[in-house]
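Chemist: So I've got this file, data.cif, and it contains mmCIF, C-alpha atoms:
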```
data_structure
#
loop_
_atom_site.label_atom_id
_atom_site.label_comp_id
_atom_site.auth_asym_id
_atom_site.auth_seq_id
_atom_site.Cartn_x
_atom_site.Cartn_y
_atom_site.Cartn_z
CA MET W 1 67.18 111.33 113.81
CA LEU W 2 68.48 108.43 115.89
CA PRO W 3 66.25 106.79 118.48
CA ASP W 4 67.09 107.95 121.99
CA LEU W 5 68.07 105.41 124.62
CA GLU W 6 65.22 106.21 127.00
CA SER W 7 62.64 105.50 124.29
CA LEU W 8 64.38 102.21 123.48
CA ARG W 9 64.39 101.37 127.20
CA CYS W 10 60.65 101.97 127.35
CA PHE W 11 60.10 99.89 124.23
CA GLU W 12 62.12 97.00 125.67
CA ALA W 13 60.14 97.13 128.94
CA ALA W 14 56.79 97.14 127.12
CA ALA W 15 57.93 94.28 124.86
CA THR W 16 59.14 92.25 127.84
CA HIS W 17 55.97 92.66 129.93
CA LEU W 18 53.46 93.13 127.06
CA SER W 19 51.85 95.72 129.31
CA PHE W 20 52.29 99.48 129.18
CA ARG W 21 51.23 99.78 132.83
CA VAL W 22 53.79 97.25 134.08
CA GLY W 23 56.41 98.59 131.68
CA ALA W 24 55.93 102.14 132.94
CA LYS W 25 56.35 100.97 136.51
CA ALA W 26 59.54 99.05 135.58
CA VAL W 27 61.23 102.19 134.18
CA GLY W 28 59.83 104.58 136.79
CA LEU W 29 57.59 106.67 134.51
CA SER W 30 53.93 107.58 134.64
CA PRO W 31 51.75 105.66 132.17
CA ALA W 32 51.22 108.89 130.16
CA ALA W 33 54.94 109.66 129.90
CA PHE W 34 55.64 106.03 129.07
CA GLY W 35 53.05 106.07 126.28
CA ASP W 36 54.55 109.31 124.89
CA ARG W 37 57.98 107.62 124.70
CA ILE W 38 56.58 104.69 122.73
CA LYS W 39 54.67 107.02 120.40
CA ARG W 40 57.78 109.15 119.79
CA LEU W 41 59.82 106.04 118.93
CA GLU W 42 57.17 104.79 116.51
CA GLN W 43 57.16 108.20 114.81
CA GLN W 44 60.97 108.25 114.53
CA LEU W 45 61.01 104.78 113.00
CA ALA W 46 57.87 105.37 110.93
CA SER W 47 56.53 101.99 112.07
CA ALA W 48 53.94 100.75 114.53
CA LEU W 49 55.74 98.62 117.11
CA PHE W 50 52.73 97.42 119.12
CA ALA W 51 49.20 96.31 118.30
CA ARG W 52 47.07 97.54 121.23
CA THR W 53 43.53 96.68 122.26
CA THR W 54 41.71 97.37 125.51
CA ARG W 55 42.68 93.92 126.76
CA ARG W 56 46.14 93.15 125.40
CA VAL W 57 49.37 94.47 123.90
CA GLU W 58 51.23 92.55 121.19
CA LEU W 59 54.38 93.23 119.22
CA THR W 60 53.93 93.90 115.51
CA PRO W 61 56.35 92.26 113.04
CA ALA W 62 58.35 95.51 113.10
CA GLY W 63 58.47 95.32 116.90
CA HIS W 64 59.71 91.73 116.79
CA HIS W 65 62.53 92.81 114.42
CA LEU W 66 63.47 95.74 116.63
CA LEU W 67 63.52 93.94 119.99
CA PRO W 68 66.85 92.03 119.74
CA GLN W 69 68.60 95.09 118.28
CA ALA W 70 67.17 97.35 120.99
CA ARG W 71 68.42 94.97 123.69
CA LEU W 72 71.87 94.93 122.07
CA VAL W 73 71.99 98.74 121.92
CA LEU W 74 70.92 99.05 125.56
CA ALA W 75 73.52 96.50 126.66
CA GLU W 76 76.26 98.37 124.77
CA ALA W 77 75.09 101.68 126.24
CA ALA W 78 75.30 100.19 129.73
CA ARG W 79 78.83 99.00 128.91
CA CYS W 80 79.81 102.59 128.04
CA ALA W 81 79.27 103.52 131.66
CA ARG W 82 81.56 100.68 132.78
CA VAL W 83 84.47 100.86 130.33
CA VAL W 84 85.49 104.37 131.37
CA HIS W 85 86.35 102.94 134.79
CA GLU W 86 88.16 99.83 133.52
CA ARG W 87 91.88 99.51 134.04
CA GLY W 88 94.43 98.05 131.64
CA ALA W 89 95.47 98.70 128.07
CA VAL W 90 92.90 99.09 125.30
CA PRO W 91 93.20 96.44 122.55
CA TYR W 92 94.20 97.66 119.10
CA GLU W 93 95.42 96.30 115.76
CA LEU W 94 98.16 97.34 113.32
CA THR W 95 98.76 96.09 109.79
CA LEU W 96 102.40 96.05 108.70
CA GLY W 97 103.77 95.67 105.19
CA THR W 98 107.08 93.91 104.53
CA ARG W 99 108.93 92.20 101.73
CA PHE W 100 108.72 88.41 101.65
CA GLU W 101 112.20 87.44 102.82
CA LEU W 102 112.34 89.83 105.76
CA GLY W 103 108.79 88.97 106.76
CA LEU W 104 109.43 85.23 106.78
CA SER W 105 112.90 85.28 108.35
CA TRP W 106 112.40 87.99 111.00
CA LEU W 107 108.94 89.53 111.39
CA THR W 108 106.88 86.33 111.42
CA PRO W 109 109.05 84.70 114.14
CA ALA W 110 108.92 88.02 116.03
CA LEU W 111 105.12 87.98 116.31
CA GLU W 112 105.10 85.85 119.46
CA PRO W 113 107.61 87.93 121.49
CA LEU W 114 105.89 91.10 120.25
CA ARG W 115 102.53 89.74 121.41
CA ALA W 116 104.02 88.79 124.78
CA ALA W 117 105.40 92.31 125.20
CA HIS W 118 102.00 93.90 124.50
CA PRO W 119 99.07 91.45 124.66
CA GLU W 120 96.66 94.25 123.77
CA ARG W 121 98.38 94.75 120.40
CA THR W 122 97.49 92.52 117.42
CA LEU W 123 99.80 92.69 114.40
CA HIS W 124 98.83 91.67 110.87
CA LEU W 125 101.37 91.23 108.05
CA VAL W 126 101.02 92.04 104.36
CA PHE W 127 103.78 90.89 101.99
CA GLY W 128 104.77 92.70 98.82
CA ASP W 129 107.16 94.98 96.98
CA SER W 130 108.71 97.70 99.15
CA GLU W 131 107.86 100.57 96.80
CA ASP W 132 104.22 99.54 96.57
CA LEU W 133 103.95 98.96 100.32
CA VAL W 134 105.39 102.40 101.13
CA ALA W 135 102.88 103.98 98.75
CA ARG W 136 100.03 102.12 100.47
CA ALA W 137 101.23 103.28 103.89
CA ARG W 138 101.41 106.87 102.62
CA ASP W 139 97.82 106.54 101.35
CA GLY W 140 96.62 105.16 104.69
CA LEU W 141 95.97 101.63 103.40
CA LEU W 142 98.61 100.14 105.73
CA ASP W 143 99.57 101.32 109.19
CA ALA W 144 103.31 100.96 108.60
CA VAL W 145 106.01 99.24 106.53
CA VAL W 146 109.27 97.61 107.59
CA THR W 147 111.71 98.37 104.80
CA SER W 148 115.26 99.38 103.94
CA ALA W 149 114.11 101.12 100.75
CA ARG W 150 115.34 104.66 100.38
CA LEU W 151 112.57 107.14 101.12
CA THR W 152 112.15 109.86 98.51
CA ALA W 153 108.53 110.88 99.05
CA GLY W 154 107.36 113.35 101.69
CA GLY W 155 104.57 112.88 104.20
CA LEU W 156 106.26 109.96 105.97
CA ALA W 157 107.62 109.42 109.46
CA TYR W 158 109.97 106.62 110.49
CA GLU W 159 112.14 105.08 113.18
CA ALA W 160 115.40 103.24 112.40
CA LEU W 161 115.33 99.61 113.57
CA HIS W 162 118.57 97.86 112.62
CA ASP W 163 121.56 98.49 110.41
CA GLU W 164 121.52 96.33 107.29
CA ASP W 165 125.02 95.13 106.38
CA TYR W 166 125.83 93.53 103.05
CA ALA W 167 128.36 90.97 101.81
CA PHE W 168 129.69 90.22 98.32
CA VAL W 169 129.42 86.42 98.11
CA GLY W 170 129.74 83.39 95.88
CA SER W 171 129.51 79.64 96.40
CA ALA W 172 132.63 78.11 97.93
CA LYS W 173 132.95 75.61 95.07
CA LEU W 174 132.62 78.28 92.38
CA ILE W 175 135.16 80.60 93.96
CA ALA W 176 137.61 77.74 94.52
CA ARG W 177 137.57 77.19 90.73
CA ARG W 178 137.42 80.84 89.68
CA PRO W 179 138.60 83.23 92.44
CA ILE W 180 137.70 86.91 92.43
CA THR W 181 140.53 89.12 93.68
CA ARG W 182 140.20 92.09 91.30
CA ALA W 183 137.70 93.72 88.97
CA SER W 184 139.03 91.97 85.88
CA ASP W 185 138.03 88.58 87.40
CA ALA W 186 134.36 89.55 86.97
CA ALA W 187 134.57 88.55 83.31
CA GLN W 188 134.55 84.90 84.45
CA HIS W 189 131.32 85.22 86.41
CA ALA W 190 127.62 86.06 86.21
CA LEU W 191 126.24 88.75 88.48
CA LEU W 192 122.97 88.03 90.28
CA ASP W 193 120.82 91.01 91.24
CA VAL W 194 117.21 92.08 91.73
CA THR W 195 116.65 94.36 88.74
CA ALA W 196 118.53 95.88 85.82
CA ASP W 197 119.66 98.93 87.81
CA LEU W 198 121.67 96.57 90.08
CA PRO W 199 120.50 97.94 93.44
CA LEU W 200 122.35 95.29 95.45
CA PHE W 201 125.67 95.43 93.59
CA ARG W 202 125.71 99.20 94.10
CA TYR W 203 126.37 98.63 97.80
CA PHE W 204 129.70 97.17 96.65
CA LEU W 205 130.42 99.57 93.79
CA ASP W 206 129.68 102.72 95.79
CA ALA W 207 132.02 101.58 98.57
CA GLY W 208 135.12 101.73 96.36
CA ALA W 209 137.50 104.67 96.55
CA ARG W 210 137.49 104.76 92.75
CA ARG W 211 135.06 103.42 90.19
CA GLU W 212 136.49 100.18 88.81
CA PRO W 213 135.15 98.71 85.57
CA TRP W 214 133.35 95.61 86.83
CA SER W 215 132.24 93.90 83.62
CA PHE W 216 130.56 90.54 84.21
CA ALA W 217 130.09 87.81 81.64
CA ARG W 218 126.33 88.19 82.10
CA VAL W 219 123.74 89.45 84.57
CA GLU W 220 120.69 87.62 85.92
CA TYR W 221 117.77 89.61 87.35
CA LEU W 222 115.85 87.50 89.85
CA GLY W 223 113.47 89.88 91.59
CA THR W 224 113.99 88.77 95.21
CA ILE W 225 116.95 88.11 97.48
CA GLY W 226 115.58 84.63 98.19
CA ALA W 227 115.94 83.65 94.55
CA ILE W 228 119.38 85.30 94.37
CA ARG W 229 120.60 83.32 97.38
CA LEU W 230 119.42 80.03 95.86
CA ARG W 231 121.15 80.77 92.54
CA ALA W 232 124.34 81.76 94.38
CA LEU W 233 124.27 78.47 96.31
CA GLN W 234 123.88 76.65 93.00
CA GLY W 235 127.08 78.30 91.78
CA ALA W 236 125.21 80.23 89.08
CA GLY W 237 126.90 83.54 89.88
CA VAL W 238 128.06 85.99 92.52
CA ALA W 239 125.92 88.54 94.37
CA VAL W 240 125.70 91.18 97.05
CA LEU W 241 123.23 90.06 99.72
CA PRO W 242 122.21 91.22 103.22
CA ARG W 243 124.47 89.70 105.87
CA TYR W 244 121.58 88.59 108.08
CA PHE W 245 120.19 86.62 105.15
CA VAL W 246 123.39 84.65 104.39
CA ASP W 247 125.14 84.47 107.77
CA ALA W 248 124.25 80.78 108.21
CA ASP W 249 125.59 80.01 104.71
CA LEU W 250 128.82 81.88 105.47
CA ARG W 251 129.32 80.06 108.76
CA ALA W 252 128.74 76.70 107.03
CA ARG W 253 131.10 77.70 104.19
CA ARG W 254 128.40 77.13 101.60
CA LEU W 255 129.04 80.74 100.57
CA VAL W 256 132.25 82.71 100.96
CA ARG W 257 132.87 86.44 101.09
CA LEU W 258 134.61 88.06 98.15
CA LEU W 259 137.13 90.86 98.71
CA PRO W 260 136.31 90.78 102.43
CA LYS W 261 138.54 93.74 103.28
CA ARG W 262 136.28 96.11 101.39
CA GLN W 263 133.64 97.62 103.66
CA LEU W 264 130.40 97.71 101.70
CA GLN W 265 127.93 100.52 102.12
CA ARG W 266 125.24 99.77 104.65
CA ASP W 267 121.59 100.63 104.87
CA ALA W 268 119.04 100.45 107.68
CA PHE W 269 115.71 98.81 108.26
CA ARG W 270 113.08 101.36 109.22
CA LEU W 271 109.53 101.29 110.44
CA VAL W 272 107.80 103.78 108.13
CA TRP W 273 104.32 105.26 108.50
CA ARG W 274 102.20 108.16 107.29
CA ALA W 275 102.98 111.43 109.06
CA GLY W 276 100.11 112.31 111.39
CA HIS W 277 99.01 108.68 111.82
CA PRO W 278 96.53 108.56 114.74
CA ARG W 279 98.57 105.76 116.33
CA SER W 280 101.99 107.35 115.91
CA GLU W 281 102.89 106.74 119.55
CA SER W 282 101.90 103.08 119.28
CA LEU W 283 104.07 102.77 116.17
CA ARG W 284 107.05 104.33 117.96
CA GLU W 285 106.48 101.84 120.77
CA LEU W 286 106.45 99.01 118.22
CA ALA W 287 109.68 100.34 116.71
CA ALA W 288 111.33 100.22 120.14
CA ASP W 289 110.20 96.60 120.56
CA LEU W 290 111.58 95.68 117.13
CA GLN W 291 114.91 97.33 117.94
CA ARG W 292 115.30 94.85 120.81
CA LEU W 293 114.81 91.83 118.53
CA PRO W 294 117.98 90.89 116.59
CA LEU W 295 117.74 90.18 112.88
CA ALA W 296 117.42 86.46 112.20
#
```
Step by step, read the file and then write its structure as structure tokens.

Modeler:
Amino acid sequence: MLPDLESLRCFEAAATHLSFRVGAKAVGLSPAAFGDRIKRLEQQLASALFARTTRRVELTPAGHHLLPQARLVLAEAARCARVVHERGAVPYELTLGTRFELGLSWLTPALEPLRAAHPERTLHLVFGDSEDLVARARDGLLDAVVTSARLTAGGLAYEALHDEDYAFVGSAKLIARRPITRASDAAQHALLDVTADLPLFRYFLDAGARREPWSFARVEYLGTIGAIRLRALQGAGVAVLPRYFVDADLRARRLVRLLPKRQLQRDAFRLVWRAGHPRSESLRELAADLQRLPLA
């Protein structure tokens, strides 16, 4: 059984005045009722809190240990009566998962405007692989994930944030030497992608009216779009990459678009969270804030 607040209040008064008579007067109880409160607390805690003689009252070692905690509990209890009348938003925290490139290029710079929009909201970021992060959000280990990964599992809710457009690109110097105007030109180039199932190049392949035999000289799997972009800039191969991630390179003509008339399939960034999350409304509010922030 937990100690009741009135008994703690009596204990604190007796410890402050080192007198049951003065303590009883301070809390407005008769000496007998005051003594009963102290006795009940000692029984609940199975410890003597005071050493009493006919002349003096002293705290026992157990009483000395209890006093600062009792004062803290009483202060927090008093605050309970005040906070229900306070105005303003209640502070809260959310932990978001994201892949490295998106987190560094967009979400991290967005933290300041997001904080300005809602000072009561604190956002934490966790970087990792999209599939793992979505699984952690589904298991309640993260509040939400920002991802463009296709969602196949149930038990998730989401809000779309931004369309994710893609471009088939290569370094300007490489393409000047070995242009790509048709599928057969792929034999002169390496393809750069994330994994062996070519998830990025499929945005190009699946956009074609007919399946063309794109056979590259070799394929490099690099794991992240950051590494793919660097290898493309080095002239090591061609790749399909998110437009937001290579727009600056395209404007500076470090990279050029290949077969620009073909409209690649697009995806969308989503804020994904576990269905039934206790802060679902806060997450929808966050999604609306993210929708107003353009991709970097």

Chemist: Residues within 8 Å of Tyr92 (chain W), please, as a ChimeraX atom specification. Count all atoms listed in the file; anything in the same chain fewer than 3 positions from it doesn't count.

Modeler: /W:120-122

Chemist: Show me the residues around (130.2, 92.1, 103.6) - criterion: an atom at most 10 Å away, all atoms listed in the file counted - as a PyMOL selection string.

Modeler: chain W and resi 165-169+203-204+240-243+256-266

Chemist: Need the axis-aligned box for region 5-13 of chain W with 3 Å each side, so what are the centre and edges in Å to one decimal, as lines of an AutoDock Vina configuration file?

Modeler:
```
center_x = 64.1
center_y = 101.6
center_z = 126.2
size_x = 14.0
size_y = 15.2
size_z = 11.5
```

Chemist: Please report the interatomic distance between CA of Val22 (chain W) and CA of Thr53 (chain W) in Å with one decimal.

Modeler: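 CA of Val22 (chain W) sits 15.7 Å away from CA of Thr53 (chain W).
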
Chemist: Please indicate the distance in Å from CA of Val194 (chain W) to CA of Phe245 (chain W), rounded to one decimal place.

Modeler: 14.8 Å

Chemist: If the PyMOL selection byres ((chain W and resi 95) around 7) is run on the structure shown, which residues does it catch, given as a PyMOL selection string?

Modeler: chain W and resi 93-94+96-97+123-125+142-144

Chemist: Can you spell out as a ChimeraX atom specification the set of residues that the PyMOL selection byres ((chain W and resi 269-286) around 6) selects in the structure I just provided?

Modeler: /W:137-138,144-148,155-162,268,287-289

Chemist: Using the atoms already present, construct N, CA and C atoms for region 229-262 of chain W and hand them back as a JSON list (two decimals), in the coordinates of the input.

Modeler:
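The file below, out.json, is the result:
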```json
[["chain", "number", "residue", "atom", "x", "y", "z"],
["W", 229, "ARG", "N", 119.84, 84.22, 96.49],
["W", 229, "ARG", "CA", 120.60, 83.32, 97.38],
["W", 229, "ARG", "C", 120.61, 81.89, 96.84],
["W", 230, "LEU", "N", 119.47, 81.39, 96.39],
["W", 230, "LEU", "CA", 119.42, 80.03, 95.86],
["W", 230, "LEU", "C", 120.31, 79.87, 94.64],
["W", 231, "ARG", "N", 120.29, 80.85, 93.74],
["W", 231, "ARG", "CA", 121.15, 80.77, 92.54],
["W", 231, "ARG", "C", 122.63, 80.87, 92.92],
["W", 232, "ALA", "N", 122.94, 81.68, 93.93],
["W", 232, "ALA", "CA", 124.34, 81.76, 94.38],
["W", 232, "ALA", "C", 124.79, 80.43, 94.97],
["W", 233, "LEU", "N", 123.93, 79.78, 95.75],
["W", 233, "LEU", "CA", 124.27, 78.47, 96.31],
["W", 233, "LEU", "C", 124.46, 77.42, 95.23],
["W", 234, "GLN", "N", 123.74, 77.57, 94.12],
["W", 234, "GLN", "CA", 123.88, 76.65, 93.00],
["W", 234, "GLN", "C", 125.18, 76.88, 92.21],
["W", 235, "GLY", "N", 125.87, 77.98, 92.52],
["W", 235, "GLY", "CA", 127.08, 78.30, 91.78],
["W", 235, "GLY", "C", 126.80, 78.99, 90.46],
["W", 236, "ALA", "N", 125.59, 79.60, 90.34],
["W", 236, "ALA", "CA", 125.21, 80.23, 89.08],
["W", 236, "ALA", "C", 125.82, 81.61, 88.91],
["W", 237, "GLY", "N", 126.34, 82.20, 89.98],
["W", 237, "GLY", "CA", 126.90, 83.54, 89.88],
["W", 237, "GLY", "C", 127.25, 84.07, 91.25],
["W", 238, "VAL", "N", 127.70, 85.32, 91.27],
["W", 238, "VAL", "CA", 128.06, 85.99, 92.52],
["W", 238, "VAL", "C", 127.04, 87.11, 92.76],
["W", 239, "ALA", "N", 126.96, 87.56, 94.04],
["W", 239, "ALA", "CA", 125.92, 88.54, 94.37],
["W", 239, "ALA", "C", 126.28, 89.28, 95.64],
["W", 240, "VAL", "N", 125.67, 90.44, 95.79],
["W", 240, "VAL", "CA", 125.70, 91.18, 97.05],
["W", 240, "VAL", "C", 124.37, 90.91, 97.75],
["W", 241, "LEU", "N", 124.44, 90.42, 98.98],
["W", 241, "LEU", "CA", 123.23, 90.06, 99.72],
["W", 241, "LEU", "C", 123.33, 90.58, 101.16],
["W", 242, "PRO", "N", 122.18, 90.80, 101.81],
["W", 242, "PRO", "CA", 122.21, 91.22, 103.22],
["W", 242, "PRO", "C", 122.89, 90.17, 104.09],
["W", 243, "ARG", "N", 123.72, 90.62, 105.03],
["W", 243, "ARG", "CA", 124.47, 89.70, 105.87],
["W", 243, "ARG", "C", 123.54, 88.81, 106.70],
["W", 244, "TYR", "N", 122.45, 89.40, 107.25],
["W", 244, "TYR", "CA", 121.58, 88.59, 108.08],
["W", 244, "TYR", "C", 120.99, 87.43, 107.30],
["W", 245, "PHE", "N", 120.86, 87.61, 105.98],
["W", 245, "PHE", "CA", 120.19, 86.62, 105.15],
["W", 245, "PHE", "C", 121.12, 85.48, 104.76],
["W", 246, "VAL", "N", 122.44, 85.69, 104.82],
["W", 246, "VAL", "CA", 123.39, 84.65, 104.39],
["W", 246, "VAL", "C", 124.38, 84.27, 105.48],
["W", 247, "ASP", "N", 124.19, 84.78, 106.70],
["W", 247, "ASP", "CA", 125.14, 84.47, 107.77],
["W", 247, "ASP", "C", 125.30, 82.96, 107.99],
["W", 248, "ALA", "N", 124.17, 82.23, 108.00],
["W", 248, "ALA", "CA", 124.25, 80.78, 108.21],
["W", 248, "ALA", "C", 125.03, 80.12, 107.08],
["W", 249, "ASP", "N", 124.86, 80.57, 105.85],
["W", 249, "ASP", "CA", 125.59, 80.01, 104.71],
["W", 249, "ASP", "C", 127.08, 80.32, 104.81],
["W", 250, "LEU", "N", 127.41, 81.51, 105.31],
["W", 250, "LEU", "CA", 128.82, 81.88, 105.47],
["W", 250, "LEU", "C", 129.47, 81.05, 106.57],
["W", 251, "ARG", "N", 128.75, 80.86, 107.67],
["W", 251, "ARG", "CA", 129.32, 80.06, 108.76],
["W", 251, "ARG", "C", 129.54, 78.61, 108.32],
["W", 252, "ALA", "N", 128.63, 78.09, 107.49],
["W", 252, "ALA", "CA", 128.74, 76.70, 107.03],
["W", 252, "ALA", "C", 129.66, 76.57, 105.81],
["W", 253, "ARG", "N", 130.19, 77.68, 105.35],
["W", 253, "ARG", "CA", 131.10, 77.70, 104.19],
["W", 253, "ARG", "C", 130.41, 77.25, 102.91],
["W", 254, "ARG", "N", 129.08, 77.36, 102.88],
["W", 254, "ARG", "CA", 128.40, 77.13, 101.60],
["W", 254, "ARG", "C", 128.64, 78.33, 100.68],
["W", 255, "LEU", "N", 128.68, 79.51, 101.28],
["W", 255, "LEU", "CA", 129.04, 80.74, 100.57],
["W", 255, "LEU", "C", 130.30, 81.31, 101.21],
["W", 256, "VAL", "N", 131.07, 82.03, 100.43],
["W", 256, "VAL", "CA", 132.25, 82.71, 100.96],
["W", 256, "VAL", "C", 132.19, 84.18, 100.56],
["W", 257, "ARG", "N", 132.81, 85.02, 101.40],
["W", 257, "ARG", "CA", 132.87, 86.44, 101.09],
["W", 257, "ARG", "C", 133.95, 86.72, 100.06],
["W", 258, "LEU", "N", 133.66, 87.65, 99.18],
["W", 258, "LEU", "CA", 134.61, 88.06, 98.15],
["W", 258, "LEU", "C", 135.15, 89.44, 98.51],
["W", 259, "LEU", "N", 136.45, 89.62, 98.33],
["W", 259, "LEU", "CA", 137.13, 90.86, 98.71],
["W", 259, "LEU", "C", 136.68, 91.32, 100.09],
["W", 260, "PRO", "N", 136.89, 90.50, 101.10],
["W", 260, "PRO", "CA", 136.31, 90.78, 102.43],
["W", 260, "PRO", "C", 136.86, 92.03, 103.10],
["W", 261, "LYS", "N", 137.99, 92.54, 102.65],
["W", 261, "LYS", "CA", 138.54, 93.74, 103.28],
["W", 261, "LYS", "C", 137.79, 95.00, 102.88],
["W", 262, "ARG", "N", 137.03, 94.93, 101.80],
["W", 262, "ARG", "CA", 136.28, 96.11, 101.39],
["W", 262, "ARG", "C", 135.02, 96.23, 102.23]]
```
